[in-house]
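One file, model-v2.cif, carrying mmCIF, C-alpha atoms:
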```cif
data_protein
#
loop_
_atom_site.label_atom_id
_atom_site.label_comp_id
_atom_site.auth_asym_id
_atom_site.auth_seq_id
_atom_site.Cartn_x
_atom_site.Cartn_y
_atom_site.Cartn_z
CA MET A 239 25.41 -48.16 71.24
CA ILE A 240 25.10 -47.68 67.47
CA THR A 241 23.41 -44.37 66.72
CA GLY A 242 23.79 -44.28 62.96
CA ILE A 243 24.75 -46.24 59.87
CA GLY A 244 25.36 -44.90 56.40
CA ILE A 245 26.33 -46.36 53.06
CA ASP A 246 27.25 -44.72 49.79
CA MET A 247 28.33 -45.85 46.34
CA VAL A 248 29.92 -43.69 43.65
CA GLU A 249 31.12 -44.19 40.10
CA VAL A 250 34.88 -43.79 39.88
CA THR A 251 34.61 -41.87 36.60
CA ARG A 252 32.32 -39.29 38.22
CA ILE A 253 35.00 -38.40 40.78
CA ALA A 254 37.81 -38.55 38.18
CA ASP A 255 35.85 -36.15 35.96
CA LYS A 256 35.23 -33.71 38.82
CA ILE A 257 38.88 -33.72 39.82
CA GLY A 258 39.90 -33.19 36.21
CA ARG A 259 37.39 -30.45 35.38
CA GLU A 260 36.68 -28.51 38.53
CA GLN A 261 39.64 -26.54 39.81
CA GLY A 262 39.77 -26.76 43.60
CA PHE A 263 37.36 -29.71 43.89
CA ARG A 264 40.10 -32.04 45.12
CA GLU A 265 41.28 -29.59 47.82
CA LEU A 266 37.71 -28.77 48.86
CA VAL A 267 36.77 -32.41 49.38
CA PHE A 268 39.99 -34.16 50.43
CA SER A 269 42.56 -33.42 53.14
CA PRO A 270 46.22 -32.90 52.17
CA ALA A 271 47.04 -36.36 53.60
CA GLU A 272 44.27 -38.00 51.56
CA ILE A 273 45.48 -36.27 48.39
CA LYS A 274 49.04 -37.46 49.04
CA TYR A 275 47.81 -41.03 49.65
CA CYS A 276 45.58 -41.15 46.55
CA GLU A 277 48.12 -39.53 44.24
CA ALA A 278 50.68 -42.18 45.22
CA ALA A 279 48.26 -45.03 44.44
CA THR A 280 48.36 -46.94 41.15
CA HIS A 281 44.60 -46.51 40.62
CA LYS A 282 44.26 -43.15 42.33
CA TYR A 283 40.71 -42.34 41.24
CA GLU A 284 39.40 -45.52 42.87
CA HIS A 285 40.92 -44.35 46.15
CA TYR A 286 39.52 -40.84 45.78
CA ALA A 287 36.08 -42.28 45.00
CA ALA A 288 36.14 -44.58 48.04
CA ARG A 289 37.00 -41.63 50.29
CA PHE A 290 34.26 -39.51 48.74
CA ALA A 291 31.77 -42.33 49.37
CA ALA A 292 32.98 -42.55 52.99
CA LYS A 293 32.33 -38.84 53.56
CA GLU A 294 28.82 -39.14 52.08
CA ALA A 295 28.16 -42.26 54.18
CA PHE A 296 29.36 -40.39 57.27
CA PHE A 297 26.79 -37.61 56.80
CA LYS A 298 24.08 -40.23 56.32
CA ALA A 299 25.14 -42.07 59.48
CA ALA A 300 25.26 -38.79 61.42
CA GLY A 301 21.68 -38.12 60.30
CA THR A 302 22.53 -34.53 59.41
CA GLY A 303 23.46 -34.50 55.76
CA TRP A 304 25.98 -31.81 54.99
CA ILE A 305 25.41 -28.93 57.44
CA ASN A 306 26.97 -25.56 58.20
CA GLY A 307 29.96 -25.97 60.47
CA THR A 308 31.27 -28.95 58.54
CA ALA A 309 33.69 -29.36 55.65
CA PHE A 310 34.34 -32.41 53.52
CA ASN A 311 38.12 -32.01 53.79
CA GLU A 312 37.82 -32.12 57.61
CA ILE A 313 36.44 -35.66 57.39
CA GLU A 314 39.54 -37.70 56.72
CA VAL A 315 40.10 -41.37 55.99
CA ILE A 316 43.48 -42.56 57.21
CA HIS A 317 44.91 -46.05 57.70
CA THR A 318 46.54 -47.92 60.55
CA GLU A 319 49.93 -49.52 59.92
CA ASP A 320 48.18 -52.76 58.98
CA GLY A 321 45.90 -51.00 56.47
CA LYS A 322 42.67 -50.72 58.46
CA PRO A 323 40.80 -47.54 57.47
CA LEU A 324 39.92 -45.04 60.17
CA MET A 325 37.81 -41.90 59.96
CA VAL A 326 39.09 -38.81 61.76
CA LEU A 327 37.32 -35.47 62.13
CA SER A 328 39.19 -32.20 62.49
CA GLY A 329 38.60 -28.45 62.69
CA ALA A 330 35.10 -27.04 62.89
CA THR A 331 33.66 -30.36 61.72
CA ALA A 332 35.02 -32.11 64.82
CA VAL A 333 33.52 -29.45 67.08
CA THR A 334 30.15 -29.47 65.30
CA MET A 335 29.86 -33.25 65.39
CA GLN A 336 30.99 -33.45 69.01
CA GLN A 337 28.15 -31.07 69.88
CA LYS A 338 25.77 -33.44 68.06
CA GLY A 339 26.99 -36.37 70.19
CA ILE A 340 28.98 -38.21 67.54
CA GLY A 341 31.19 -40.81 69.22
CA ALA A 342 33.32 -43.57 67.75
CA ILE A 343 33.28 -43.91 63.96
CA ALA A 344 33.88 -47.17 62.08
CA VAL A 345 34.43 -47.13 58.31
CA SER A 346 34.81 -49.78 55.64
CA LEU A 347 35.84 -49.05 52.04
CA SER A 348 35.71 -51.09 48.87
CA HIS A 349 36.46 -50.25 45.27
CA VAL A 350 36.88 -51.77 41.84
CA LYS A 351 37.73 -50.20 38.50
CA THR A 352 34.30 -48.57 38.02
CA MET A 353 32.67 -48.32 41.46
CA ALA A 354 33.57 -47.43 45.02
CA THR A 355 31.52 -47.89 48.16
CA ALA A 356 31.79 -47.16 51.86
CA VAL A 357 29.91 -48.02 55.03
CA VAL A 358 30.11 -45.88 58.17
CA ILE A 359 28.82 -46.84 61.61
CA ILE A 360 28.65 -44.24 64.38
CA GLU A 361 28.39 -44.94 68.09
CA GLY A 362 26.99 -42.37 70.47
#
```
Can I see the file as structure tokens?
Amino acid sequence: MITGIGIDMVEVTRIADKIGREQGFRELVFSPAEIKYCEAATHKYEHYAARFAAKEAFFKAAGTGWINGTAFNEIEVIHTEDGKPLMVLSGATAVTMQQKGIGAIAVSLSHVKTMATAVVIIEG
């Protein structure tokens, strides 16, 4: 049963500016694997922005917003071998969300030069 749906859209330049100006922002928000993936991409800031939107959409779908016991870099977007995005929780965030009854998570990403968006659906 679907228990939550969230959507978020972000300007790519907003994320590029934050990464460029704020020391530690990238490591605070993205996992090491996400950083490696985005840095290897031709249009890396589009990929960072899509992942940021996915994390925001996740908190909307969870119905919690950002809460204590969660960290943005513990909400990770990875891909299957065929390119399908998956959302994986780790660390304290996984424990906190398990206690809240979060089950399966579906994620869809999209991005163009100036905008990135993500949709997250949570089953309970």
Practice item. Pull out every residue that the PyMOL selection byres ((chain A and resi 307) around 6) matches in the shown coordinates and put them as an MDAnalysis selection string. Key: chainID A and resid 306 308 330:331 334
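Picture a line from CA of Thr355 in chain A to CA of Gln337 in chain A; it runs 27.7 Å.
We find CA of Glu319 in chain A and CA of Thr251 in chain A to be spaced 28.9 Å apart.
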Practice item. Give as a list in words the residues that the PyMOL selection byres ((chain A and resi 276) around 12) matches when applied to the coordinates above. Key: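 For this structure, the PyMOL selection byres ((chain A and resi 276) around 12) resolves to Ala254, Arg264, Phe268, Ser269, Pro270, Ala271, Glu272, Ile273, Lys274, Tyr275, Glu277, Ala278, Ala279, Thr280, His281, Lys282, Tyr283, Glu284, His285, Tyr286, Ala287, Ala288, Arg289, Phe290, Val315 and Ile316 of chain A.
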Point to revise | Residues matched by the PyMOL selection byres ((chain A and resi 340) around 7) as number ranges by chain | key: A: 335-336, 338-339, 341-342, 360-362
Output, as JSON, the centre and edge lengths in Å (one decimal) of the axis-aligned box that contains all listed atoms of range 300-308 of chain A with 8 Å of margin on each side.
```
{"center_x": 26.5, "center_y": -32.2, "center_z": 58.2, "size_x": 25.6, "size_y": 29.2, "size_z": 22.4}
```
Check your understanding: Which residue, A:Leu324, A:Ile359, A:Phe296, A:Thr318, has the smallest gap to Ile240 in chain A when you use all atoms listed in the file?
Key ->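 Distance minimum relative to Ile240 in chain A lands on A:Ile359.
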**Study point:** Within 8 Å of Ala299 in chain A using only C-alpha atoms, minus same-chain residues under 3 positions, as a ChimeraX atom specification
**Key:** /A:241-245,295-296,302,358-360
**Study point:** Coordinates-based distance that separates CA of Asn311 in chain A from CA of Val326 in chain A (Å, one decimal)
**Key:**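 Pair CA of Val326 in chain A / CA of Asn311 in chain A returns 10.5 Å.
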**Study point:** Top pick for closest residue to Val267 in chain A, considering A:Met247, A:Met239, A:Ile343, A:Ile313 and counting all atoms listed in the file
**Key:**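 For Val267 in chain A, the nearest of the candidates is A:Ile313.
Of the residues listed (A:Arg252, A:Glu312, A:Ala291, A:Ala300), A:Glu312 shows the shortest atom-to-atom separation from Leu266 in chain A; distances use all atoms listed in the file.
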Missing atoms in range 307-322 of chain A should be modelled up to N, CA and C atoms and reported as an mmCIF file, in the coordinates of the input.
```cif
data_model
loop_
_atom_site.group_PDB
_atom_site.id
_atom_site.type_symbol
_atom_site.label_atom_id
_atom_site.label_comp_id
_atom_site.auth_asym_id
_atom_site.auth_seq_id
_atom_site.Cartn_x
_atom_site.Cartn_y
_atom_site.Cartn_z
ATOM 1 N N GLY A 307 29.057 -25.582 59.390
ATOM 2 C CA GLY A 307 29.960 -25.970 60.470
ATOM 3 C C GLY A 307 30.709 -27.247 60.164
ATOM 4 N N THR A 308 30.542 -27.761 58.939
ATOM 5 C CA THR A 308 31.270 -28.950 58.540
ATOM 6 C C THR A 308 31.921 -28.717 57.173
ATOM 7 N N ALA A 309 32.997 -29.431 56.927
ATOM 8 C CA ALA A 309 33.690 -29.360 55.650
ATOM 9 C C ALA A 309 34.137 -30.754 55.247
ATOM 10 N N PHE A 310 33.968 -31.085 53.989
ATOM 11 C CA PHE A 310 34.340 -32.410 53.520
ATOM 12 C C PHE A 310 35.812 -32.716 53.784
ATOM 13 N N ASN A 311 36.694 -31.732 53.614
ATOM 14 C CA ASN A 311 38.120 -32.010 53.790
ATOM 15 C C ASN A 311 38.524 -32.105 55.266
ATOM 16 N N GLU A 312 37.573 -31.908 56.181
ATOM 17 C CA GLU A 312 37.820 -32.120 57.610
ATOM 18 C C GLU A 312 37.300 -33.476 58.084
ATOM 19 N N ILE A 313 36.817 -34.274 57.150
ATOM 20 C CA ILE A 313 36.440 -35.660 57.390
ATOM 21 C C ILE A 313 37.458 -36.484 56.624
ATOM 22 N N GLU A 314 38.365 -37.096 57.351
ATOM 23 C CA GLU A 314 39.540 -37.700 56.720
ATOM 24 C C GLU A 314 39.578 -39.204 56.949
ATOM 25 N N VAL A 315 39.884 -39.934 55.884
ATOM 26 C CA VAL A 315 40.100 -41.370 55.990
ATOM 27 C C VAL A 315 41.608 -41.603 56.003
ATOM 28 N N ILE A 316 42.067 -42.198 57.088
ATOM 29 C CA ILE A 316 43.480 -42.560 57.210
ATOM 30 C C ILE A 316 43.555 -44.074 57.405
ATOM 31 N N HIS A 317 44.754 -44.609 57.506
ATOM 32 C CA HIS A 317 44.910 -46.050 57.700
ATOM 33 C C HIS A 317 45.863 -46.331 58.852
ATOM 34 N N THR A 318 45.593 -47.431 59.551
ATOM 35 C CA THR A 318 46.540 -47.920 60.550
ATOM 36 C C THR A 318 47.718 -48.532 59.805
ATOM 37 N N GLU A 319 48.750 -48.896 60.534
ATOM 38 C CA GLU A 319 49.930 -49.520 59.920
ATOM 39 C C GLU A 319 49.585 -50.805 59.176
ATOM 40 N N ASP A 320 48.564 -51.519 59.654
ATOM 41 C CA ASP A 320 48.180 -52.760 58.980
ATOM 42 C C ASP A 320 47.118 -52.553 57.901
ATOM 43 N N GLY A 321 46.793 -51.306 57.588
ATOM 44 C CA GLY A 321 45.900 -51.000 56.470
ATOM 45 C C GLY A 321 44.440 -50.790 56.808
ATOM 46 N N LYS A 322 44.066 -50.918 58.073
ATOM 47 C CA LYS A 322 42.670 -50.720 58.460
ATOM 48 C C LYS A 322 42.306 -49.247 58.307
#
```
